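Note: the block below is input_7.csv and it holds CSV, C-alpha atoms.
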chain,number,residue,atom,x,y,z
L,1,ALA,CA,-10.2,7.1,9.8
L,2,ALA,CA,-7.4,5.8,12.0
L,3,GLU,CA,-9.7,4.2,14.4
L,4,CYS,CA,-11.5,2.5,11.5
L,5,HIS,CA,-8.1,1.2,10.2
L,6,ARG,CA,-7.4,-0.3,13.7
L,7,GLN,CA,-10.7,-2.0,13.9
L,8,VAL,CA,-10.7,-3.4,10.4
L,9,ARG,CA,-7.2,-4.9,10.8
L,10,LYS,CA,-7.9,-6.3,14.2
L,11,TYR,CA,-10.8,-8.2,12.6
L,12,MET,CA,-8.8,-9.3,9.6
L,13,GLN,CA,-6.0,-10.6,11.9
L,14,SER,CA,-8.6,-12.8,13.6
L,15,VAL,CA,-10.0,-14.3,10.4
L,16,MET,CA,-7.2,-14.6,7.9
L,17,LYS,CA,-6.2,-18.3,7.6
L,18,PRO,CA,-4.4,-20.5,5.0
L,19,GLY,CA,-6.8,-21.8,2.3
L,20,MET,CA,-8.7,-18.5,1.9
L,21,LEU,CA,-9.0,-17.0,-1.6
L,22,MET,CA,-7.1,-13.7,-1.8
L,23,THR,CA,-10.3,-12.2,-3.4
L,24,GLU,CA,-12.3,-13.3,-0.3
L,25,ILE,CA,-9.8,-11.7,2.0
L,26,CYS,CA,-9.9,-8.4,0.1
L,27,GLU,CA,-13.6,-8.3,-0.2
L,28,THR,CA,-14.1,-9.0,3.5
L,29,LEU,CA,-11.7,-6.3,4.5
L,30,GLU,CA,-13.1,-3.8,2.0
L,31,ASN,CA,-16.7,-4.4,3.0
L,32,LEU,CA,-15.9,-3.9,6.7
L,33,ASN,CA,-13.8,-0.8,5.9
L,34,ARG,CA,-16.8,0.7,3.9
L,35,LYS,CA,-19.1,0.0,6.8
L,36,LEU,CA,-17.0,1.3,9.6
L,37,VAL,CA,-15.8,4.4,7.8
L,38,GLN,CA,-19.4,5.0,6.8
L,39,GLU,CA,-18.6,5.2,3.1
L,40,ASN,CA,-20.1,8.3,1.5
L,41,GLY,CA,-19.1,9.0,-2.1
L,42,LEU,CA,-15.8,10.9,-2.0
L,43,ARG,CA,-16.4,12.3,1.5
L,44,ALA,CA,-15.4,9.0,3.3
L,45,GLY,CA,-14.3,5.6,2.2
L,46,ILE,CA,-11.5,3.4,1.1
L,47,ALA,CA,-8.4,5.4,0.2
L,48,PHE,CA,-6.8,2.8,-2.2
L,49,PRO,CA,-7.0,-0.9,-3.2
L,50,THR,CA,-6.2,-3.5,-0.6
L,51,GLY,CA,-2.6,-4.6,-1.3
L,52,CYS,CA,-2.1,-8.3,-0.4
L,53,SER,CA,1.2,-8.9,-2.2
L,54,LEU,CA,2.7,-12.4,-1.5
L,55,ASN,CA,6.2,-13.5,-1.0
L,56,HIS,CA,8.6,-12.0,-3.5
L,57,VAL,CA,5.9,-9.5,-4.6
L,58,ALA,CA,6.5,-6.5,-2.5
L,59,ALA,CA,3.7,-4.1,-3.3
L,60,HIS,CA,0.8,-3.1,-5.5
L,61,TRP,CA,-0.8,-6.5,-6.0
L,62,THR,CA,-4.5,-7.1,-5.4
L,63,PRO,CA,-6.5,-9.8,-7.2
L,64,ASN,CA,-8.3,-8.9,-10.3
L,65,SER,CA,-11.8,-10.4,-10.8
L,66,GLY,CA,-11.7,-14.1,-11.3
L,67,ASP,CA,-8.3,-14.6,-9.7
L,68,LYS,CA,-8.1,-17.9,-7.9
L,69,THR,CA,-4.9,-17.3,-5.8
L,70,VAL,CA,-5.2,-19.0,-2.4
L,71,LEU,CA,-3.4,-17.9,0.8
L,72,GLN,CA,-0.9,-20.7,1.8
L,73,TYR,CA,0.6,-21.6,5.1
L,74,GLY,CA,4.1,-20.8,3.8
L,75,ASP,CA,3.2,-17.4,2.4
L,76,VAL,CA,4.4,-14.0,3.6
L,77,CYS,CA,1.5,-11.6,2.8
L,78,LYS,CA,1.6,-7.8,3.1
L,79,ILE,CA,-1.8,-6.3,3.9
L,80,ASP,CA,-1.6,-2.6,2.9
L,81,PHE,CA,-4.9,-0.7,3.0
L,82,GLY,CA,-6.1,2.8,3.5
L,83,THR,CA,-9.1,4.7,4.9
L,84,HIS,CA,-10.0,8.3,4.4
L,85,VAL,CA,-12.4,10.9,5.7
L,86,ASN,CA,-12.6,14.1,3.6
L,87,GLY,CA,-9.5,13.0,1.7
L,88,ARG,CA,-7.4,12.7,4.9
L,89,ILE,CA,-5.8,9.4,4.3
L,90,ILE,CA,-4.5,6.8,6.8
L,91,ASP,CA,-2.0,4.5,5.1
L,92,SER,CA,-0.8,1.6,7.2
L,93,ALA,CA,0.4,-2.0,6.6
L,94,TRP,CA,1.5,-5.1,8.3
L,95,THR,CA,2.7,-8.6,7.4
L,96,VAL,CA,0.7,-11.8,7.8
L,97,HIS,CA,2.5,-15.1,8.0
L,98,PHE,CA,1.7,-18.5,9.7
L,99,ASP,CA,5.0,-20.3,9.6
L,100,PRO,CA,7.2,-19.2,12.6
L,101,GLN,CA,10.4,-19.3,10.6
L,102,PHE,CA,9.3,-15.9,9.1
L,103,ASP,CA,9.0,-14.3,12.6
L,104,PRO,CA,12.6,-12.8,12.5
L,105,LEU,CA,11.9,-11.3,9.0
L,106,ALA,CA,8.6,-9.6,10.1
L,107,GLU,CA,10.3,-8.5,13.4
L,108,ALA,CA,13.2,-6.9,11.6
L,109,VAL,CA,10.8,-4.9,9.3
L,110,ARG,CA,8.6,-3.8,12.2
L,111,GLU,CA,11.6,-2.6,14.1
L,112,SER,CA,12.9,-0.8,11.1
L,113,THR,CA,9.6,1.0,10.5
L,114,ASN,CA,9.5,1.9,14.2
L,115,ALA,CA,13.1,3.3,13.9
L,116,GLY,CA,11.9,5.4,11.0
L,117,VAL,CA,8.9,6.7,13.0
L,118,LYS,CA,11.2,7.5,15.9
L,119,ALA,CA,13.7,9.3,13.7
L,120,ALA,CA,11.0,11.4,11.9
L,121,GLY,CA,10.2,14.9,13.0
L,122,ILE,CA,10.1,18.6,12.0
L,123,ASP,CA,13.3,19.7,10.3
L,124,VAL,CA,14.7,16.2,10.1
L,125,ARG,CA,16.4,15.3,6.8
L,126,LEU,CA,14.6,12.6,4.9
L,127,GLY,CA,18.0,10.9,4.2
L,128,ASP,CA,18.7,10.6,7.9
L,129,ILE,CA,15.4,8.7,8.4
L,130,GLY,CA,16.5,6.2,5.6
L,131,ALA,CA,19.8,5.7,7.4
L,132,ALA,CA,18.1,4.9,10.7
L,133,CYS,CA,15.7,2.4,8.9
L,134,GLN,CA,18.5,0.6,7.1
L,135,GLU,CA,20.8,0.3,10.1
L,136,VAL,CA,18.1,-1.5,12.1
L,137,MET,CA,16.9,-3.6,9.2
L,138,GLU,CA,20.3,-4.9,8.2
L,139,SER,CA,21.3,-5.8,11.7
L,140,HIS,CA,18.9,-8.7,11.4
L,141,GLU,CA,19.1,-12.1,9.8
L,142,VAL,CA,16.6,-14.9,9.2
L,143,GLU,CA,17.0,-18.6,8.6
L,144,ILE,CA,14.6,-20.1,6.1
L,145,ALA,CA,14.6,-23.8,5.2
L,146,GLY,CA,18.1,-24.1,6.7
L,147,LYS,CA,19.6,-21.1,4.9
L,148,THR,CA,20.6,-17.9,6.6
L,149,TYR,CA,19.9,-14.5,4.9
L,150,GLN,CA,20.9,-11.0,6.0
L,151,ILE,CA,17.7,-9.0,5.7
L,152,LYS,CA,18.0,-6.2,3.1
L,153,SER,CA,16.1,-2.9,3.0
L,154,VAL,CA,14.5,-2.7,-0.5
L,155,ARG,CA,16.4,0.2,-1.7
L,156,ASN,CA,14.0,1.5,-4.4
L,157,LEU,CA,10.9,1.5,-2.2
L,158,ASN,CA,10.1,4.3,0.2
L,159,GLY,CA,7.7,6.1,2.4
L,160,HIS,CA,6.0,9.3,1.2
L,161,SER,CA,4.2,12.5,2.2
L,162,ILE,CA,0.4,12.4,2.0
L,163,GLY,CA,-1.9,15.2,0.9
L,164,PRO,CA,-5.7,15.6,0.8
L,165,TYR,CA,-6.9,13.0,-1.8
L,166,GLN,CA,-3.2,12.5,-2.7
L,167,ILE,CA,-1.6,9.3,-1.5
L,168,HIS,CA,1.9,10.3,-2.8
L,169,ALA,CA,2.2,14.0,-2.3
L,170,GLY,CA,5.7,14.7,-3.6
L,171,LYS,CA,8.2,13.9,-0.9
L,172,SER,CA,9.8,10.5,-0.6
L,173,VAL,CA,11.2,9.0,2.6
L,174,PRO,CA,14.0,6.6,1.7
L,175,ILE,CA,14.6,3.4,3.6
L,176,VAL,CA,18.4,3.2,2.9
L,177,LYS,CA,21.2,5.7,3.6
L,178,GLY,CA,22.6,8.2,1.2
L,179,GLY,CA,19.3,9.9,0.4
L,180,GLU,CA,17.8,13.3,0.3
L,181,ALA,CA,18.8,16.4,2.3
L,182,THR,CA,15.2,17.7,2.0
L,183,LYS,CA,13.6,18.2,5.4
L,184,MET,CA,10.3,17.3,7.0
L,185,GLU,CA,8.1,20.3,7.8
L,186,GLU,CA,5.5,21.2,10.4
L,187,GLY,CA,2.0,20.2,9.5
L,188,GLU,CA,3.0,17.4,7.1
L,189,LEU,CA,1.5,14.0,7.0
L,190,TYR,CA,3.8,11.0,6.1
L,191,ALA,CA,3.5,7.3,5.5
L,192,ILE,CA,6.6,5.8,7.1
L,193,GLU,CA,7.0,2.3,5.6
L,194,THR,CA,9.9,-0.1,5.3
L,195,PHE,CA,10.3,-3.3,3.3
L,196,GLY,CA,12.8,-6.1,4.2
L,197,SER,CA,13.8,-8.8,1.7
L,198,THR,CA,15.7,-12.0,1.6
L,199,GLY,CA,16.3,-11.4,-2.1
L,200,LYS,CA,18.2,-8.6,-4.0
L,201,GLY,CA,16.6,-5.8,-2.0
L,202,TYR,CA,15.6,-4.2,-5.3
L,203,VAL,CA,12.1,-4.4,-7.0
L,204,ARG,CA,11.0,-4.1,-10.6
L,205,GLU,CA,7.6,-4.0,-12.2
L,206,ASP,CA,6.0,-7.3,-13.2
L,207,LEU,CA,2.8,-9.3,-13.4
L,208,GLU,CA,-0.8,-8.1,-14.4
L,209,VAL,CA,-1.7,-4.6,-13.4
L,210,SER,CA,-4.6,-4.2,-10.9
L,211,HIS,CA,-3.9,-0.7,-9.4
L,212,TYR,CA,-4.6,2.6,-11.2
L,213,MET,CA,-4.8,6.2,-10.2
L,214,LYS,CA,-5.7,9.5,-12.0
L,215,ASN,CA,-2.8,11.8,-12.3
L,216,PHE,CA,-3.2,14.5,-9.6
L,217,ASP,CA,-2.8,17.6,-11.6
L,218,VAL,CA,-3.9,16.4,-15.1
L,219,GLY,CA,-5.7,19.2,-17.0
L,220,HIS,CA,-8.4,18.7,-19.6
L,221,ILE,CA,-7.2,16.3,-22.3
L,222,PRO,CA,-9.6,15.8,-25.2
L,223,LEU,CA,-10.5,12.2,-25.7
L,224,ARG,CA,-11.6,10.7,-29.1
L,225,LEU,CA,-13.0,7.4,-27.8
L,226,PRO,CA,-16.6,7.8,-26.4
L,227,ARG,CA,-16.1,4.8,-24.1
L,228,ALA,CA,-12.9,6.4,-22.7
L,229,LYS,CA,-14.8,9.7,-21.9
L,230,GLN,CA,-17.6,7.6,-20.3
L,231,LEU,CA,-15.1,5.7,-18.2
L,232,LEU,CA,-13.2,8.9,-17.1
L,233,SER,CA,-16.5,10.4,-15.9
L,234,PHE,CA,-17.2,7.2,-13.9
L,235,ILE,CA,-13.6,7.4,-12.4
L,236,ASN,CA,-14.0,11.2,-11.6
L,237,LYS,CA,-17.3,10.5,-9.9
L,238,ASN,CA,-16.2,7.4,-7.9
L,239,PHE,CA,-12.5,7.8,-7.2
L,240,ASP,CA,-11.3,11.2,-8.5
L,241,THR,CA,-7.6,11.2,-7.6
L,242,LEU,CA,-7.7,8.3,-5.1
L,243,ALA,CA,-6.3,5.0,-6.4
L,244,PHE,CA,-8.6,2.3,-7.5
L,245,CYS,CA,-8.5,-1.3,-8.9
L,246,ARG,CA,-10.2,-3.3,-11.6
L,247,ARG,CA,-12.4,-5.2,-9.1
L,248,TRP,CA,-14.0,-1.9,-8.0
L,249,ILE,CA,-14.9,-1.0,-11.6
L,250,ASP,CA,-16.4,-4.5,-12.0
L,251,ARG,CA,-18.2,-4.1,-8.7
L,252,ALA,CA,-19.9,-0.9,-9.9
L,253,GLY,CA,-21.3,-2.9,-12.9
L,254,GLU,CA,-19.1,-1.5,-15.6
L,255,GLU,CA,-18.3,-3.9,-18.4
L,256,LYS,CA,-15.9,-4.1,-21.3
L,257,TYR,CA,-13.8,-1.2,-20.1
L,258,LEU,CA,-10.2,-2.5,-20.5
L,259,LEU,CA,-9.6,-0.9,-23.9
L,260,ALA,CA,-11.0,2.4,-22.6
L,261,LEU,CA,-8.8,2.2,-19.5
L,262,ARG,CA,-5.8,1.6,-21.7
L,263,ASN,CA,-6.7,4.6,-23.7
L,264,LEU,CA,-6.9,6.7,-20.6
L,265,CYS,CA,-3.4,5.4,-19.6
L,266,ASP,CA,-2.0,6.1,-23.0
L,267,ASN,CA,-3.3,9.6,-22.9
L,268,GLY,CA,-1.5,10.2,-19.6
L,269,ILE,CA,-4.7,10.8,-17.6
L,270,ILE,CA,-4.6,7.5,-15.6
L,271,GLN,CA,-1.4,6.0,-14.4
L,272,PRO,CA,-1.1,2.2,-14.1
L,273,TYR,CA,0.8,0.9,-11.1
L,274,PRO,CA,2.0,-2.6,-11.8
L,275,PRO,CA,3.1,-5.0,-9.0
L,276,LEU,CA,6.6,-4.5,-7.7
L,277,VAL,CA,8.6,-7.7,-7.3
L,278,ASP,CA,12.0,-8.8,-6.0
L,279,VAL,CA,13.5,-12.1,-7.3
L,280,LYS,CA,11.4,-15.2,-7.4
L,281,GLY,CA,11.8,-17.4,-4.3
L,282,SER,CA,12.6,-14.5,-2.1
L,283,TYR,CA,10.4,-13.2,0.7
L,284,VAL,CA,9.5,-9.5,1.4
L,285,SER,CA,7.9,-8.2,4.6
L,286,GLN,CA,6.4,-4.7,5.1
L,287,TYR,CA,5.2,-2.5,8.0
L,288,GLU,CA,3.9,1.0,7.7
L,289,HIS,CA,2.5,3.8,9.8
L,290,THR,CA,1.0,7.2,9.1
L,291,ILE,CA,2.4,10.1,11.2
L,292,LEU,CA,1.3,13.7,11.5
L,293,LEU,CA,3.9,16.4,12.4
L,294,ARG,CA,2.1,18.7,14.8
L,295,PRO,CA,3.9,21.9,16.0
L,296,THR,CA,4.7,20.4,19.4
L,297,GLN,CA,4.4,16.6,18.9
L,298,LYS,CA,4.7,13.8,16.4
L,299,GLU,CA,1.5,11.8,16.3
L,300,VAL,CA,1.6,8.2,15.1
L,301,LEU,CA,-2.0,8.2,13.9
L,302,SER,CA,-2.2,4.5,12.9
L,303,ARG,CA,-0.5,3.1,16.0
L,304,GLY,CA,-2.4,0.2,17.6
L,305,ASP,CA,-2.0,-2.6,20.1
L,306,ASP,CA,-0.9,-4.8,17.3
L,307,TYR,CA,2.0,-2.8,15.8
In structure tokens, what does this structure look like?
Amino acid sequence: AAECHRQVRKYMQSVMKPGMLMTEICETLENLNRKLVQENGLRAGIAFPTGCSLNHVAAHWTPNSGDKTVLQYGDVCKIDFGTHVNGRIIDSAWTVHFDPQFDPLAEAVRESTNAGVKAAGIDVRLGDIGAACQEVMESHEVEIAGKTYQIKSVRNLNGHSIGPYQIHAGKSVPIVKGGEATKMEEGELYAIETFGSTGKGYVREDLEVSHYMKNFDVGHIPLRLPRAKQLLSFINKNFDTLAFCRRWIDRAGEEKYLLALRNLCDNGIIQPYPPLVDVKGSYVSQYEHTILLRPTQKEVLSRGDDY
């Protein structure tokens, strides 16, 4: 899964250019991902929708069908995608930009993520990792259009433990100091990710939802709406507890499902994950790696020549 991630992103880094539709970028990435991971139902495939959040949008944005957003020269785009084999998820992300004035922003975030990776280990307190990430992040500044900004860690975003078919498995890895005393344990898998911003360093939910995921331990909930039952069985078969987006439902040929999807959300079976945004006009960058805490070593599964 990790090797597939490296190859997909290497290809995307060579083809992404200003003027491309965000939809085209996502479909190109996802089709290559499906091919290389040898997609096979729930046994192997894409682990979650391709995040390609732009500028002040930090996370959880992917185009819905018909979206005409175009990648611009002055954009800061976070490509966050996942692969899985037998539910073992690789979650890794990097920042794409074309204007060199954003180099220091991306560099700060990459170094912060690397500091988090370096600090992580068996018996390490999660809060200590956050402190290490923040210290590196906030030692950097960036000049954009003649104005200098100290780069801020986005305080309400974090890394997370990963379980089989479960992208967020219960533990959070803060990216600012003052966090948890909970410790990392042997055998755990973590996504170590940091977000640096020129804005408030705080995100809120906004914009149209594209990302959804079935609640991991949801029991049987009786549904009145036949279309909702039907959609749930489609979701169970195609995604189960892995995250999905509207484009993928469309791609499978399902139609007129939005009311049913809302019903599943209202019944607590499916959780919507709206985009997370800092203040308009700000820029957010992200880097992320997946690490495995083996008994005698820490393995950075998603590490590549690129980041």
### Task
For CA of Tyr257 in chain L and CA of Phe48 in chain L, determine how far apart the two atoms are, in Å to one decimal place.
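One can read the CA of Tyr257 in chain L to CA of Phe48 in chain L distance as 19.6 Å.
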### Message
When you look at Pro226 in chain L with a cut-off of 12 Å (counting all atoms listed in the file), what residues show up, excluding the ones that are within fewer than 2 positions of it in the same chain? I need them as number ranges by chain.
### Response
L: 222-224, 228-233, 257, 259-261, 263-264
### Task
Give as a ChimeraX atom specification each residue that has an atom at most 12 Å from (-18.6, 2.7, -0.4) in the file, counting only C-alpha atoms.
/L:30-48,83-85,238-239,248,251-252
### Option closest in space to Val209 in chain L, from L:His289, L:Lys118, L:His60, L:Lys183 [counting only C-alpha atoms]
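Closest candidate: L:His60.
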### Message
Can you tell me which residues surround Ala132 in chain L at a distance of at most 7 Å, considering only C-alpha atoms, apart from same-chain residues fewer than 4 positions away, and format the answer as a ChimeraX atom specification?
### Response
/L:115-116,119,128,136
#### Entry: Contact residues around Ile270 in chain L with all atoms listed in the file at 8 Å, ignoring same-chain residues under 5 positions, as number ranges by chain
L: 212-215, 261, 264-265
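Between Pro272 in chain L and the candidates L:Thr241, L:Ile122, L:Ser210, L:Leu293, the tightest atom-to-atom separation, counting only C-alpha atoms, involves L:Ser210.
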### Query
Which residue, L:Leu242, L:Leu207, L:Leu225, L:Ala93, has the smallest gap to Pro164 in chain L when you use only C-alpha atoms?
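Using only C-alpha atoms, Pro164 in chain L sits closest to L:Leu242.
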So that each row is one residue of range 99-207 of chain L with an atom at most 10 Å from range 66-78 of chain L, can you give its shortest atom pair and the distance in Å to one decimal, using all atoms listed in the file, rows by chain and rising number, as a Markdown table?
| residue | atom | partner | partner_atom | distance |
| --- | --- | --- | --- | --- |
| L:Asp99 | CA | L:Gly74 | CA | 5.9 |
| L:Pro100 | CA | L:Gly74 | CA | 9.5 |
| L:Gln101 | CA | L:Gly74 | CA | 9.4 |
| L:Phe102 | CA | L:Val76 | CA | 7.6 |
| L:Leu105 | CA | L:Val76 | CA | 9.6 |
| L:Ala106 | CA | L:Val76 | CA | 8.9 |
| L:Phe195 | CA | L:Lys78 | CA | 9.8 |
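Going from CA of Gly281 in chain L over to CA of Asp306 in chain L, you cover 28.0 Å.
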### Point-to-point distance from CA of Asp250 in chain L to CA of His211 in chain L, Å rounded to tenths
13.3 Å
### Query
For Lys152 in chain L, which of L:Tyr165, L:Phe98, L:Tyr283, L:Phe244 is the closest residue, counting all atoms listed in the file?
L:Tyr283
### Message
Can you pull out the residues contacting Gly170 in chain L? Cut-off 9 Å, using all atoms listed in the file, and skip same-chain residues under 2 positions away; I want them as an MDAnalysis selection string.
### Response
chainID L and resid 160:163 168 172
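Nearest residue to Asp123 in chain L among L:Ser14, L:Gln297, L:Thr182, L:Ser282 is L:Thr182, counting only C-alpha atoms.
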### Summary
Of L:Ala108, L:Val96, L:Met20, L:Ile221, the one nearest to Thr198 in chain L when counting only C-alpha atoms is L:Ala108
### Message
List the spatial neighbours of range 274-277 of chain L as a ChimeraX atom specification - criterion: any atom at most 12 Å away, all atoms listed in the file, same-chain residues fewer than 4 positions off excluded.
### Response
/L:51-63,154,156-157,195,197,199-213,245,281-285
